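Single-structure report; data block below.
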Amino acid sequence: MTATKQLMKAQTTTERYTLADLERWGEVARDINPPVRLGVFGDPVSHSLSPQMQNAALRACDINMQYARFHIRANELRSALGFLRDIDFVGINLTVPHKSAMLAQIDAADESATRCGAVNTVHLRDKNLIGSNTDAEGFSRAVRHEFSIDLRDLRVLILGAGGGTGRAIAWQCALENCERLVLANRTPAKTSALVERLRPFFVAPRVLGPVARLDALAWDESALRAQLPDIDLIVNATPLGMNPSDPAPVPARLLAPHHIVFDCVYAPSRTRLLRAADEAGARGANGLSMLLYQGALSFSIWFNRDAPIDAMRAALVL
């Protein structure tokens, strides 16, 4: 087969696969060359840019395999993982809605996953599923890359702190001793246990003034209005913004020029929240850089080597 034909065949493998495909993977994957041995599980998953990023990394390192998308619904995760154990895969990434549920499905988890209560990276070893979380450190590197500032110097508000991504980011903020951390969720009860686990990190006073270093609130306009004057970095850790009809998680009228807005959503690249930040004169960035850095960390877990970050960045056209 010529190099051109190999490339054409390789391109077709980034289409979405399903649970039914995993069930008969030997037949489905028989003629795919290089073989698919990595992937991302999610619902939705068609928007994911992980395949183009990870496939660029594999090519740069002359690793003879491919990475593909798998449309796996929440009620299909257990079955999909059962099939995964019996095929020749190196690992997978997890995106919405699987990160929190995955923790109960794996055989072992490293500290990054157990601490956050969420898994976004799985490495298969002797048919065992080993879970990790690269979202937390990936977020930290992204903030440093986008805004040239470290988390330790910021007062941070996380919208959607009850989800897997939000919990991972909250833990990273605590570990880096951020100035202040406020967790917002539609259902405050979902963050109460997290607040108690994070409290020891925020005992020492750092911020002058009456506001608490660690706080949790219901996600509504009046509560946000009261908190935002004492916040530097606003993080949207929810999928809100992936659909064009989604409202901005924070109304533009509540944003100010001193705010920094990080939207973990990267498709579309300019969400309503980022447009609201522009209107307010605030700095903003989407989640593409977080995708890059968490993906590079995943690559290092799978192959025990540094990821070719420049090749991955070029594939995302950052």
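Chains: A, B, ... in order of the structure tokens. Residues: from 1 per chain. Ligands: from 1, in order shown.
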List every residue of range 30-139 of chain A that has an atom at most 12 Å from any atom of range 146-170 of chain A, and for each one report the closest atom pair and its distance in Å to one decimal, counting only C-alpha atoms, with rows sorted by chain and then by increasing residue number, as CSV.
residue,atom,partner,partner_atom,distance
A:Leu94,CA,A:Gly164,CA,10.4
A:Thr95,CA,A:Thr165,CA,9.1
A:Val96,CA,A:Gly164,CA,8.6
A:Pro97,CA,A:Gly164,CA,8.7
A:His98,CA,A:Gly164,CA,8.4
A:Lys99,CA,A:Gly164,CA,5.5
A:Ser100,CA,A:Gly164,CA,5.2
A:Ala101,CA,A:Gly164,CA,8.9
A:Met102,CA,A:Gly164,CA,10.0
A:Leu103,CA,A:Gly164,CA,10.2
A:Glu111,CA,A:Ala168,CA,11.6
A:Ser112,CA,A:Ala168,CA,8.4
A:Ala113,CA,A:Ala168,CA,8.4
A:Thr114,CA,A:Ala168,CA,10.1
A:Arg115,CA,A:Ala168,CA,8.1
A:Cys116,CA,A:Ala168,CA,4.9
A:Gly117,CA,A:Gly164,CA,7.0
A:Ala118,CA,A:Gly164,CA,5.1
A:Val119,CA,A:Gly164,CA,7.7
A:Asn120,CA,A:Gly164,CA,8.6
A:Ser132,CA,A:Ala168,CA,11.0
A:Asn133,CA,A:Ala168,CA,7.6
A:Thr134,CA,A:Ala168,CA,8.6
A:Asp135,CA,A:Ala168,CA,6.3
A:Ala136,CA,A:Ala168,CA,4.9
A:Glu137,CA,A:Ile169,CA,8.2
A:Gly138,CA,A:Ile169,CA,9.2
A:Phe139,CA,A:Ile169,CA,6.8
Contacts of range 17-34 of chain A at 8 Å (only C-alpha atoms; same-chain gap of 5+ positions) as a PDB file with N, CA, C and O atoms, in the first residue's frame:
ATOM      1  N   GLN A   6      -2.231   4.734   2.666  1.00  0.00           N
ATOM      2  CA  GLN A   6      -2.195   4.492   4.102  1.00  0.00           C
ATOM      3  C   GLN A   6      -2.756   5.685   4.856  1.00  0.00           C
ATOM      4  O   GLN A   6      -3.505   5.525   5.820  1.00  0.00           O
ATOM      5  N   LYS A   9      -6.538   5.757   4.560  1.00  0.00           N
ATOM      6  CA  LYS A   9      -7.156   4.765   5.435  1.00  0.00           C
ATOM      7  C   LYS A   9      -7.077   5.214   6.890  1.00  0.00           C
ATOM      8  O   LYS A   9      -8.017   5.065   7.659  1.00  0.00           O
ATOM      9  N   ALA A  10      -5.925   5.801   7.253  1.00  0.00           N
ATOM     10  CA  ALA A  10      -5.773   6.274   8.623  1.00  0.00           C
ATOM     11  C   ALA A  10      -6.805   7.345   8.951  1.00  0.00           C
ATOM     12  O   ALA A  10      -7.357   7.371  10.040  1.00  0.00           O
ATOM     13  N   ASN A  64       3.480   2.947  15.876  1.00  0.00           N
ATOM     14  CA  ASN A  64       2.613   2.383  14.847  1.00  0.00           C
ATOM     15  C   ASN A  64       1.223   2.051  15.399  1.00  0.00           C
ATOM     16  O   ASN A  64       0.867   0.881  15.580  1.00  0.00           O
ATOM     17  N   MET A  65       0.454   3.071  15.686  1.00  0.00           N
ATOM     18  CA  MET A  65      -0.931   2.884  16.124  1.00  0.00           C
ATOM     19  C   MET A  65      -1.696   4.173  15.921  1.00  0.00           C
ATOM     20  O   MET A  65      -1.123   5.207  15.606  1.00  0.00           O
ATOM     21  N   GLN A  66      -3.025   4.094  16.127  1.00  0.00           N
ATOM     22  CA  GLN A  66      -3.890   5.258  15.976  1.00  0.00           C
ATOM     23  C   GLN A  66      -4.796   5.430  17.188  1.00  0.00           C
ATOM     24  O   GLN A  66      -4.987   4.511  17.989  1.00  0.00           O
ATOM     25  N   ALA A  68      -8.726   6.985  18.215  1.00  0.00           N
ATOM     26  CA  ALA A  68     -10.027   7.236  17.579  1.00  0.00           C
ATOM     27  C   ALA A  68     -11.086   7.623  18.611  1.00  0.00           C
ATOM     28  O   ALA A  68     -10.881   7.507  19.820  1.00  0.00           O
ATOM     29  N   ARG A  69     -12.220   8.094  18.100  1.00  0.00           N
ATOM     30  CA  ARG A  69     -13.359   8.458  18.943  1.00  0.00           C
ATOM     31  C   ARG A  69     -14.291   7.261  19.138  1.00  0.00           C
ATOM     32  O   ARG A  69     -14.530   6.501  18.199  1.00  0.00           O
ATOM     33  N   PHE A  70     -14.864   7.159  20.355  1.00  0.00           N
ATOM     34  CA  PHE A  70     -15.844   6.115  20.651  1.00  0.00           C
ATOM     35  C   PHE A  70     -17.043   6.764  21.323  1.00  0.00           C
ATOM     36  O   PHE A  70     -16.917   7.339  22.410  1.00  0.00           O
ATOM     37  N   HIS A  71     -18.202   6.675  20.651  1.00  0.00           N
ATOM     38  CA  HIS A  71     -19.423   7.245  21.212  1.00  0.00           C
ATOM     39  C   HIS A  71     -20.027   6.219  22.178  1.00  0.00           C
ATOM     40  O   HIS A  71     -20.693   5.275  21.761  1.00  0.00           O
ATOM     41  N   ILE A  72     -19.756   6.427  23.458  1.00  0.00           N
ATOM     42  CA  ILE A  72     -20.202   5.508  24.503  1.00  0.00           C
ATOM     43  C   ILE A  72     -21.118   6.271  25.455  1.00  0.00           C
ATOM     44  O   ILE A  72     -20.701   7.261  26.077  1.00  0.00           O
ATOM     45  N   GLU A  76     -23.657   2.552  28.849  1.00  0.00           N
ATOM     46  CA  GLU A  76     -22.866   1.600  28.080  1.00  0.00           C
ATOM     47  C   GLU A  76     -21.434   1.467  28.589  1.00  0.00           C
ATOM     48  O   GLU A  76     -20.679   0.617  28.109  1.00  0.00           O
ATOM     49  N   SER A  79     -20.126  -2.040  29.954  1.00  0.00           N
ATOM     50  CA  SER A  79     -19.978  -3.025  28.874  1.00  0.00           C
ATOM     51  C   SER A  79     -18.789  -2.688  27.986  1.00  0.00           C
ATOM     52  O   SER A  79     -18.011  -3.568  27.596  1.00  0.00           O
ATOM     53  N   ALA A  80     -18.624  -1.403  27.683  1.00  0.00           N
ATOM     54  CA  ALA A  80     -17.515  -0.988  26.819  1.00  0.00           C
ATOM     55  C   ALA A  80     -16.173  -1.325  27.452  1.00  0.00           C
ATOM     56  O   ALA A  80     -15.253  -1.803  26.774  1.00  0.00           O
ATOM     57  N   PHE A  83     -15.372  -5.044  27.114  1.00  0.00           N
ATOM     58  CA  PHE A  83     -14.810  -5.390  25.802  1.00  0.00           C
ATOM     59  C   PHE A  83     -13.377  -4.882  25.677  1.00  0.00           C
ATOM     60  O   PHE A  83     -12.526  -5.536  25.067  1.00  0.00           O
ATOM     61  N   LEU A  84     -13.115  -3.715  26.259  1.00  0.00           N
ATOM     62  CA  LEU A  84     -11.793  -3.109  26.136  1.00  0.00           C
ATOM     63  C   LEU A  84     -10.706  -3.998  26.738  1.00  0.00           C
ATOM     64  O   LEU A  84      -9.578  -4.048  26.231  1.00  0.00           O
ATOM     65  N   ILE A  87      -9.238  -6.609  24.129  1.00  0.00           N
ATOM     66  CA  ILE A  87      -8.635  -6.235  22.848  1.00  0.00           C
ATOM     67  C   ILE A  87      -7.302  -5.552  23.120  1.00  0.00           C
ATOM     68  O   ILE A  87      -7.016  -5.146  24.249  1.00  0.00           O
TER      69      ILE A  87
END
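The residue that comes closest to Gly281 in chain A, out of A:Phe299, A:His259, A:Arg144, A:Cys264 and on the basis of only C-alpha atoms, is A:His259.
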So which residues of range 94-128 of chain A fall under alpha helix (DSSP H) by DSSP, listed as a PyMOL selection string?
chain A and resi 111-116
Show me, as number ranges by chain, the residues that have an atom within 12 Å of His47 in chain A when counting only C-alpha atoms, minus same-chain residues fewer than 6 positions from it.
A: 14-16, 40-41, 69-71, 95-96, 239, 242-243, 265-269
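In this comparison, which uses only C-alpha atoms, the residue of A:Ser140, A:Ala184, A:Phe201, A:Val195 approaching Thr238 in chain A most closely is A:Ala184.
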Excluding Glu221 in chain A and its own-chain neighbours fewer than 2 positions away, which residues fall within 12 Å of it when counting only C-alpha atoms? Please give them as a list of chain:residue names.
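That gives A:Ala184, A:Arg186, A:Leu217, A:Ala218, A:Trp219, A:Ala223, A:Leu224, A:Arg225, A:Ala226, A:Gln227, A:Leu228, A:Ala248, A:Pro249, A:Val250, A:Pro251, A:Ala252, A:Arg253, A:Leu254, A:Leu255.
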Residues of range 159-318 of chain A in strand (DSSP E) according to DSSP, as a ChimeraX atom specification?
/A:159,180-185,214-218,233-236,260-263,283-285
Of the listed residues A:Leu233, A:Lys127, A:Leu273, A:Ala104, that which approaches Arg78 in chain A most closely, counting only C-alpha atoms
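Among the listed residues, A:Ala104 lies closest to Arg78 in chain A.
For the choices A:Ile63, A:Leu49, A:Ala314, A:Leu292, the atom-to-atom distance to His145 in chain A is smallest for A:Leu292 when using only C-alpha atoms.
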